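Asks: Below is the file model.tsv, which contains TSV, C-alpha atoms.
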```tsv
chain	number	residue	atom	x	y	z
A	1	MET	CA	83.89	91.16	80.76
A	2	GLY	CA	85.97	91.08	77.63
A	3	ASN	CA	89.20	92.99	77.85
A	4	CYS	CA	91.44	94.18	75.04
A	5	ILE	CA	94.39	95.84	76.75
A	6	GLY	CA	96.39	93.59	79.05
A	7	GLY	CA	94.61	93.72	82.36
A	8	GLN	CA	92.93	97.10	81.88
A	9	SER	CA	89.24	97.18	82.61
A	10	ALA	CA	86.69	99.90	82.08
A	11	THR	CA	87.42	102.63	84.62
A	12	ALA	CA	85.10	104.63	86.81
A	13	ASP	CA	85.10	107.28	84.09
A	14	THR	CA	83.46	104.84	81.71
A	15	GLN	CA	79.92	106.10	81.72
A	16	ILE	CA	76.58	104.32	81.42
A	17	PRO	CA	77.43	101.27	83.50
A	18	GLU	CA	75.10	98.37	83.93
A	19	ALA	CA	73.33	100.13	86.77
A	20	GLY	CA	71.13	103.15	86.29
A	21	ILE	CA	69.16	102.20	83.19
A	22	GLY	CA	66.39	100.31	84.88
A	23	PRO	CA	66.17	96.83	86.39
A	24	VAL	CA	68.16	93.92	84.99
A	25	ILE	CA	65.81	91.23	83.78
A	26	ASP	CA	66.92	87.78	84.93
A	27	ALA	CA	65.20	84.99	83.02
A	28	ALA	CA	65.83	81.42	82.00
A	29	ASP	CA	67.45	80.80	78.64
A	30	SER	CA	64.25	79.26	77.33
A	31	PHE	CA	62.28	82.45	78.01
A	32	ARG	CA	61.76	84.63	74.97
A	33	PRO	CA	61.74	88.14	76.47
A	34	ASP	CA	58.80	90.48	76.16
A	35	PHE	CA	60.67	93.75	75.73
A	36	SER	CA	57.55	95.78	76.36
A	37	THR	CA	57.72	94.67	80.01
A	38	MET	CA	61.37	95.71	80.37
A	39	ILE	CA	60.92	99.42	79.84
A	40	SER	CA	61.62	101.82	82.69
A	41	ASP	CA	61.26	105.48	81.74
A	42	LYS	CA	61.75	104.64	78.06
A	43	GLU	CA	64.88	102.62	78.79
A	44	ILE	CA	65.62	98.96	78.15
A	45	ASN	CA	68.32	97.41	80.31
A	46	LEU	CA	69.64	93.99	79.36
A	47	ALA	CA	73.07	94.40	80.99
A	48	ARG	CA	75.02	91.18	81.64
A	49	ARG	CA	72.35	89.04	80.03
A	50	ALA	CA	73.71	86.61	77.44
A	51	MET	CA	71.73	87.59	74.38
A	52	ARG	CA	70.99	84.79	71.92
A	53	ALA	CA	70.62	85.36	68.20
A	54	SER	CA	66.85	84.98	68.54
A	55	ASP	CA	66.80	87.61	71.32
A	56	MET	CA	68.68	90.08	69.13
A	57	LEU	CA	66.28	89.45	66.26
A	58	ASP	CA	63.27	90.10	68.47
A	59	LEU	CA	64.81	93.22	69.99
A	60	ALA	CA	65.72	94.60	66.56
A	61	ASP	CA	62.20	93.95	65.30
A	62	ARG	CA	60.77	95.94	68.21
A	63	LEU	CA	63.16	98.82	67.60
A	64	ARG	CA	62.58	98.73	63.86
A	65	HIS	CA	58.88	99.33	64.27
A	66	ASP	CA	59.47	101.95	66.96
A	67	ALA	CA	56.41	100.74	68.84
A	68	LEU	CA	58.07	101.13	72.22
A	69	SER	CA	59.56	104.62	71.75
A	70	VAL	CA	62.70	103.46	73.55
A	71	GLU	CA	65.28	106.22	74.07
A	72	LYS	CA	68.06	104.27	75.83
A	73	LEU	CA	69.26	100.75	75.20
A	74	ASN	CA	71.78	99.05	77.50
A	75	LEU	CA	73.48	95.93	76.15
A	76	TYR	CA	76.50	96.11	78.43
A	77	ALA	CA	78.46	92.83	78.61
A	78	CYS	CA	75.80	90.81	76.79
A	79	SER	CA	78.16	88.74	74.63
A	80	VAL	CA	76.94	90.66	71.59
A	81	THR	CA	78.78	89.67	68.41
A	82	ALA	CA	79.19	91.49	65.12
A	83	SER	CA	76.34	89.47	63.60
A	84	GLY	CA	74.15	90.25	66.59
A	85	VAL	CA	74.78	93.97	66.42
A	86	ALA	CA	74.04	93.85	62.69
A	87	GLU	CA	70.37	93.34	63.61
A	88	ILE	CA	70.41	96.43	65.84
A	89	SER	CA	72.23	98.40	63.16
A	90	ASP	CA	69.59	97.51	60.61
A	91	ALA	CA	66.90	98.74	63.01
A	92	LEU	CA	68.80	102.01	63.50
A	93	ARG	CA	68.32	102.87	59.85
A	94	THR	CA	64.62	103.49	60.48
A	95	ASN	CA	64.37	103.94	64.25
A	96	SER	CA	63.84	107.56	65.31
A	97	SER	CA	63.49	107.22	69.08
A	98	LEU	CA	66.82	105.80	70.31
A	99	LEU	CA	69.13	108.45	71.71
A	100	VAL	CA	71.67	106.35	73.65
A	101	ILE	CA	73.13	102.90	72.97
A	102	ASN	CA	75.55	101.22	75.36
A	103	LEU	CA	77.39	98.26	73.83
A	104	GLY	CA	80.37	98.46	76.17
A	105	GLY	CA	81.99	95.30	77.47
A	106	ASN	CA	81.24	93.21	74.38
A	107	ALA	CA	84.71	92.02	73.38
A	108	GLN	CA	83.35	89.95	70.50
A	109	LEU	CA	82.02	93.06	68.77
A	110	GLY	CA	85.40	94.09	67.35
A	111	ASP	CA	86.06	95.91	64.10
A	112	ASP	CA	83.32	94.08	62.20
A	113	GLY	CA	80.73	95.22	64.72
A	114	ALA	CA	82.03	98.80	64.57
A	115	ALA	CA	81.77	98.68	60.77
A	116	VAL	CA	78.11	97.61	60.73
A	117	LEU	CA	77.24	100.25	63.33
A	118	ALA	CA	79.03	102.86	61.24
A	119	ALA	CA	76.96	101.91	58.19
A	120	ALA	CA	73.79	102.56	60.20
A	121	LEU	CA	75.09	105.90	61.49
A	122	ARG	CA	75.34	107.13	57.92
A	123	GLU	CA	71.54	106.97	57.74
A	124	ASN	CA	70.37	107.46	61.33
A	125	THR	CA	69.73	111.09	62.28
A	126	THR	CA	68.60	110.84	65.90
A	127	LEU	CA	71.15	108.82	67.92
A	128	ARG	CA	73.07	111.07	70.35
A	129	GLU	CA	75.41	108.75	72.28
A	130	LEU	CA	77.27	105.58	71.35
A	131	HIS	CA	79.25	103.71	74.02
A	132	LEU	CA	81.73	101.15	72.68
A	133	PHE	CA	84.25	100.87	75.51
A	134	ASP	CA	85.96	97.51	75.99
A	135	CYS	CA	84.92	96.17	72.57
A	136	CYS	CA	88.31	95.23	71.05
A	137	ILE	CA	88.03	97.91	68.37
A	138	SER	CA	91.27	98.67	66.55
A	139	SER	CA	92.22	101.43	64.13
A	140	PHE	CA	90.18	99.67	61.43
A	141	GLY	CA	86.96	99.90	63.43
A	142	ALA	CA	87.73	103.47	64.46
A	143	THR	CA	88.26	104.39	60.81
A	144	SER	CA	84.84	102.93	59.95
A	145	LEU	CA	83.27	105.10	62.64
A	146	ALA	CA	85.21	108.10	61.36
A	147	ASP	CA	83.82	107.52	57.86
A	148	ALA	CA	80.31	107.61	59.37
A	149	LEU	CA	81.09	110.90	61.13
A	150	LEU	CA	81.79	112.45	57.75
A	151	CYS	CA	78.05	112.49	57.07
A	152	ASN	CA	76.46	112.19	60.52
A	153	SER	CA	75.30	115.35	62.27
A	154	SER	CA	73.47	113.94	65.29
A	155	ILE	CA	76.06	112.01	67.34
A	156	ARG	CA	77.26	114.07	70.30
A	157	LYS	CA	79.22	111.52	72.33
A	158	ILE	CA	81.38	108.54	71.39
A	159	ASN	CA	83.00	106.49	74.14
A	160	LEU	CA	85.82	104.30	72.82
A	161	ASN	CA	87.68	103.88	76.10
A	162	ASN	CA	89.83	100.77	76.53
A	163	ASN	CA	90.19	99.71	72.92
A	164	LEU	CA	93.08	99.66	70.44
A	165	VAL	CA	92.28	102.74	68.35
A	166	GLY	CA	95.93	103.82	68.12
A	167	ASP	CA	97.37	106.72	66.15
A	168	SER	CA	95.75	105.74	62.84
A	169	GLY	CA	92.29	105.55	64.40
A	170	ALA	CA	92.73	108.88	66.20
A	171	GLU	CA	93.93	110.50	62.97
A	172	ALA	CA	90.86	109.23	61.09
A	173	LEU	CA	88.48	110.51	63.78
A	174	ALA	CA	90.21	113.90	63.84
A	175	GLN	CA	90.06	114.23	60.06
A	176	ALA	CA	86.34	113.45	60.07
A	177	LEU	CA	85.70	116.17	62.65
A	178	ILE	CA	87.59	118.68	60.54
A	179	GLU	CA	85.93	117.79	57.24
A	180	ASN	CA	82.32	117.60	58.46
A	181	THR	CA	81.51	121.10	59.68
A	182	SER	CA	77.98	119.94	60.55
A	183	CYS	CA	79.27	117.28	62.95
A	184	SER	CA	77.76	117.73	66.42
A	185	LEU	CA	80.27	115.59	68.36
A	186	LYS	CA	80.92	117.16	71.76
A	187	SER	CA	82.54	114.32	73.71
A	188	LEU	CA	85.25	111.95	72.49
A	189	LYS	CA	86.69	109.44	74.94
A	190	LEU	CA	89.88	107.66	73.90
A	191	ARG	CA	91.29	106.54	77.24
A	192	PHE	CA	93.50	103.40	77.14
A	193	ASN	CA	93.87	103.37	73.34
A	194	VAL	CA	97.65	103.43	72.71
A	195	VAL	CA	97.36	106.88	71.12
A	196	GLY	CA	100.78	108.49	70.68
A	197	ALA	CA	102.37	111.48	68.98
A	198	ARG	CA	100.63	111.18	65.60
A	199	GLY	CA	97.19	110.87	67.15
A	200	ALA	CA	97.83	113.77	69.50
A	201	VAL	CA	98.99	116.02	66.65
A	202	ALA	CA	95.88	115.12	64.63
A	203	LEU	CA	93.60	116.07	67.52
A	204	VAL	CA	95.55	119.32	67.92
A	205	GLY	CA	94.39	120.08	64.39
A	206	VAL	CA	90.78	119.78	65.54
A	207	LEU	CA	91.32	122.02	68.56
A	208	LYS	CA	92.99	124.71	66.44
A	209	HIS	CA	91.04	124.50	63.18
A	210	PRO	CA	89.34	127.86	62.43
A	211	LEU	CA	85.95	126.26	61.85
A	212	ARG	CA	86.25	123.24	64.14
A	213	PHE	CA	88.03	124.54	67.24
A	214	PHE	CA	84.64	124.87	68.89
A	215	CYS	CA	83.21	121.39	68.31
A	216	LEU	CA	84.48	119.41	71.34
A	217	ASP	CA	83.87	120.22	74.98
A	218	ASP	CA	85.14	116.90	76.43
A	219	LEU	CA	88.30	115.14	75.25
A	220	ASP	CA	89.72	112.20	77.21
A	221	LEU	CA	93.21	111.05	76.21
A	222	GLY	CA	94.13	109.51	79.54
A	223	TYR	CA	96.44	106.49	79.83
A	224	ASN	CA	97.87	106.60	76.32
A	225	LYS	CA	101.40	107.15	75.00
A	226	ILE	CA	101.48	110.94	74.81
A	227	SER	CA	104.84	112.53	75.64
A	228	ILE	CA	105.43	115.75	77.55
A	229	GLY	CA	106.28	117.45	74.24
A	230	ASP	CA	102.97	116.43	72.71
A	231	ALA	CA	101.20	117.53	75.89
A	232	ASN	CA	102.71	120.98	75.45
A	233	ILE	CA	101.41	121.12	71.88
A	234	LEU	CA	97.93	120.13	73.07
A	235	ALA	CA	98.10	122.77	75.80
A	236	ASP	CA	99.02	125.43	73.23
A	237	ALA	CA	96.06	124.38	71.07
A	238	LEU	CA	93.70	124.73	74.02
A	239	GLU	CA	94.66	128.40	74.28
A	240	LEU	CA	93.05	128.93	70.86
A	241	ASN	CA	90.08	126.66	71.56
A	242	CYS	CA	86.73	128.05	72.67
A	243	THR	CA	84.76	125.17	74.12
A	244	VAL	CA	86.80	122.40	75.77
A	245	THR	CA	85.84	122.30	79.44
A	246	SER	CA	86.98	118.75	80.26
A	247	PHE	CA	90.42	117.55	79.16
A	248	ASP	CA	92.21	114.52	80.60
A	249	LEU	CA	95.84	113.52	80.03
A	250	ARG	CA	96.38	111.48	83.18
A	251	GLY	CA	98.35	108.27	82.98
A	252	ASN	CA	100.50	109.21	79.99
A	253	GLY	CA	103.79	109.10	81.87
A	254	LEU	CA	103.81	112.89	82.02
A	255	VAL	CA	105.34	114.88	84.81
A	256	TRP	CA	101.86	116.12	85.62
A	257	ASP	CA	103.06	118.54	88.29
A	258	GLU	CA	105.13	120.38	85.69
A	259	GLN	CA	103.67	123.80	86.30
A	260	ALA	CA	103.92	125.25	82.78
A	261	VAL	CA	101.82	122.56	81.09
A	262	ARG	CA	99.37	122.03	83.92
A	263	ALA	CA	98.75	125.75	84.47
A	264	LYS	CA	98.28	126.36	80.75
A	265	ILE	CA	95.66	123.62	80.42
A	266	LEU	CA	93.78	124.60	83.56
A	267	LYS	CA	93.75	128.26	82.52
A	268	SER	CA	92.22	127.44	79.12
A	269	ILE	CA	89.59	125.13	80.62
A	270	LYS	CA	88.63	127.68	83.26
A	271	LYS	CA	88.30	130.39	80.64
A	272	ASN	CA	86.17	128.23	78.35
A	273	ARG	CA	83.81	127.34	81.18
A	274	GLY	CA	82.93	130.99	81.67
A	275	GLU	CA	83.24	132.38	78.16
A	276	VAL	CA	80.29	133.61	76.10
A	277	LEU	CA	80.13	132.76	72.41
A	278	LEU	CA	78.50	134.68	69.61
A	279	GLN	CA	77.06	132.08	67.29
A	280	MET	CA	76.01	132.32	63.67
A	281	CYS	CA	73.52	129.73	62.53
A	282	THR	CA	73.09	129.07	58.82
A	283	LYS	CA	69.61	128.12	57.73
A	284	ILE	CA	70.65	126.35	54.55
A	285	ASP	CA	70.57	122.80	55.89
A	286	CYS	CA	67.95	120.92	57.85
A	287	GLN	CA	70.72	120.46	60.45
A	288	PRO	CA	71.97	124.04	61.02
A	289	SER	CA	75.71	124.66	61.14
A	290	PHE	CA	77.06	126.80	63.95
A	291	TYR	CA	80.06	129.05	63.43
A	292	PRO	CA	80.84	130.59	66.81
A	293	PHE	CA	83.54	133.13	67.50
A	294	THR	CA	84.30	134.63	70.85
A	295	ILE	CA	84.51	138.03	72.40
A	296	LEU	CA	87.92	138.80	73.93
A	297	LYS	CA	89.66	136.09	71.90
A	298	THR	CA	91.55	136.40	68.63
A	299	ALA	CA	89.69	134.53	65.89
A	300	ASP	CA	91.08	133.44	62.57
A	301	ILE	CA	90.83	136.44	60.24
A	302	CYS	CA	89.91	134.30	57.22
A	303	GLY	CA	87.08	132.74	59.17
A	304	LEU	CA	85.76	136.14	60.19
A	305	GLN	CA	86.00	137.41	56.62
A	306	GLY	CA	83.96	134.42	55.47
A	307	ILE	CA	81.32	135.11	58.11
A	308	TYR	CA	81.21	138.78	57.11
A	309	ARG	CA	80.72	137.93	53.44
A	310	LEU	CA	77.92	135.47	54.24
A	311	VAL	CA	76.08	137.97	56.44
A	312	ARG	CA	76.50	140.71	53.85
A	313	GLU	CA	75.55	138.67	50.80
A	314	ARG	CA	72.89	136.35	52.21
A	315	PRO	CA	71.24	138.03	55.22
A	316	ASP	CA	68.15	135.90	54.62
A	317	ILE	CA	69.85	132.66	55.68
A	318	VAL	CA	71.75	133.67	58.79
A	319	GLU	CA	70.80	134.41	62.34
A	320	LEU	CA	73.12	135.79	64.99
A	321	LEU	CA	72.62	134.32	68.43
A	322	GLY	CA	74.26	135.20	71.72
A	323	ASN	CA	74.67	131.96	73.64
A	324	SER	CA	76.63	130.74	76.62
A	325	ASN	CA	79.23	128.05	76.11
A	326	ASN	CA	77.20	125.29	77.80
```
Can you dump the structure from the file as structure tokens?
Replies:
Amino acid sequence: MGNCIGGQSATADTQIPEAGIGPVIDAADSFRPDFSTMISDKEINLARRAMRASDMLDLADRLRHDALSVEKLNLYACSVTASGVAEISDALRTNSSLLVINLGGNAQLGDDGAAVLAAALRENTTLRELHLFDCCISSFGATSLADALLCNSSIRKINLNNNLVGDSGAEALAQALIENTSCSLKSLKLRFNVVGARGAVALVGVLKHPLRFFCLDDLDLGYNKISIGDANILADALELNCTVTSFDLRGNGLVWDEQAVRAKILKSIKKNRGEVLLQMCTKIDCQPSFYPFTILKTADICGLQGIYRLVRERPDIVELLGNSNN
């Protein structure tokens, strides 16, 4: 498997491995696959199969016409290149069935591959999860994905573990989450990505932002370059956050048994796991925007004033919902 960060491989936390998405099809190179025979519960698994250009063309054609209603596609460690993923990206522009794509372990994908995927995400409205761990994606590729998040409201999980996103990439992703209030991203995995102080501060802005502090519930910053001071800032931000229930800072050279930081983070996570949110859903857009605020937690007064004005002035477009934080 391709590897971008000296000796680091995808960890056990890297989800959607090659197993678990149906049987791996082992065929001779001369065999042109019949993808209709490779479906198991609406999933196609081609993990560890060296995909030729002709295979990618055929697969993209199937996805483009949506004849198979495939929901999950596993191309883990398939030697997929940027030109190969361009075919899949083109299919994503019209495909409405795919919910999960795993392209992890394709070191040749790189920034160019991330860029063509990002272009497709600007038009696709149904994909929920994108796994790009171990793909040699730098800050340039991460910035392309961030640009796509500015207008995408369907993606809920992005796995960029074991890449080279760095501070610039983390800053771009954080800014996209802040600017797009319709963004549905719930899980962001940035383990092994040389993220340092600047990236950590940018993500603090997401956790504390009055309209975006509720967007993420899973943030993985393990094995980066975050100092104990930055960890304290992140811990303080979690006290204001409503939804994060999984937060990982392991492997950052922190004194993890330092009680003040550890206790603060665990307290916030425990509270968020049991807290009930009051959500306001606007009916203006085809993809509703949720503006939750919590009982027993101080909310930003400007945000509450905005909610009050909207409810008072346009009662026809809002709906108040009492929901759990799951």
Asks: Please list as a PyMOL selection string every residue within 7 Å of range 92-104 of chain A, counting only C-alpha atoms and excluding residues in the same chain fewer than 2 positions away.
Replies: chain A and resi 16+63-64+66+69-77+88-90+106+120+123-124+126-135
Asks: Can you measure CA of Asn180 in chain A to CA of Val206 in chain A for me? One decimal in Å is fine.
Replies: 11.2 Å
Asks: Rank nothing, just name the residue among A:Asn272, A:Thr125, A:Ile178, A:Ser138 nearest to Leu150 in chain A, using all atoms listed in the file.
Replies: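 Among A:Asn272, A:Thr125, A:Ile178, A:Ser138, it is A:Ile178 that comes nearest to Leu150 in chain A.
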Asks: Show me, as a PyMOL selection string, the residues that have an atom within 10 Å of Ala170 in chain A when counting only C-alpha atoms, minus same-chain residues fewer than 6 positions from it.
Replies: chain A and resi 139+142-143+146+176+190+193-196+198-203
Asks: Hey, what's within 12 Å of Ala260 in chain A if we count all atoms listed in the file and toss same-chain stuff fewer than 6 positions away? As a list in words, please?
Replies: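 Contacts, in chain order: Ile228, Gly229, Ala231, Asn232, Ile233, Ala235, Asp236, Leu266 and Lys267 of chain A.
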Asks: Go ahead and compute the interatomic distance for CA of Lys189 in chain A and CA of Asn224 in chain A, in Å to one decimal.
Replies: 11.6 Å
Asks: Could you give me, as a PyMOL selection string, the residues within 8 Å of Ala86 in chain A, counting all atoms listed in the file and dropping anything in the same chain fewer than 6 positions from it?
Replies: chain A and resi 113+116-117
Asks: Could those residues be written to a file, using C-alpha atoms, as an mmCIF file, keeping the file's coordinate frame?
Replies:
```cif
data_model
loop_
_atom_site.group_PDB
_atom_site.id
_atom_site.type_symbol
_atom_site.label_atom_id
_atom_site.label_comp_id
_atom_site.auth_asym_id
_atom_site.auth_seq_id
_atom_site.Cartn_x
_atom_site.Cartn_y
_atom_site.Cartn_z
ATOM 1 C CA GLY A 113 80.730 95.220 64.720
ATOM 2 C CA VAL A 116 78.110 97.610 60.730
ATOM 3 C CA LEU A 117 77.240 100.250 63.330
#
```
Asks: Report the distance between CA of Asp248 in chain A and CA of Asn45 in chain A in Å, rounded to one decimal place.
Replies: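 So the two atoms, CA of Asp248 in chain A and CA of Asn45 in chain A, lie 29.4 Å apart.
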Asks: Could you give me the axis-aligned bounding box of range 91-99 of chain A, with 5 Å of padding per side, as centre plus edge lengths in Å to one decimal, as JSON?
Replies:
```
{"center_x": 66.3, "center_y": 103.6, "center_z": 65.8, "size_x": 15.6, "size_y": 19.7, "size_z": 21.9}
```
Asks: Mind checking which residues fall within 9 Å of Leu57 in chain A, counting all atoms listed in the file, ignoring those fewer than 5 positions away in the same chain, and posting them as a short mmCIF file (atom, residue, chain, number, x, y, z; two decimals) with C-alpha atoms, keeping the file's coordinate frame?
Replies:
```
data_model
loop_
_atom_site.label_atom_id
_atom_site.label_comp_id
_atom_site.auth_asym_id
_atom_site.auth_seq_id
_atom_site.Cartn_x
_atom_site.Cartn_y
_atom_site.Cartn_z
CA ARG A 52 70.99 84.79 71.92
CA ARG A 62 60.77 95.94 68.21
CA GLY A 84 74.15 90.25 66.59
CA GLU A 87 70.37 93.34 63.61
CA ILE A 88 70.41 96.43 65.84
#
```
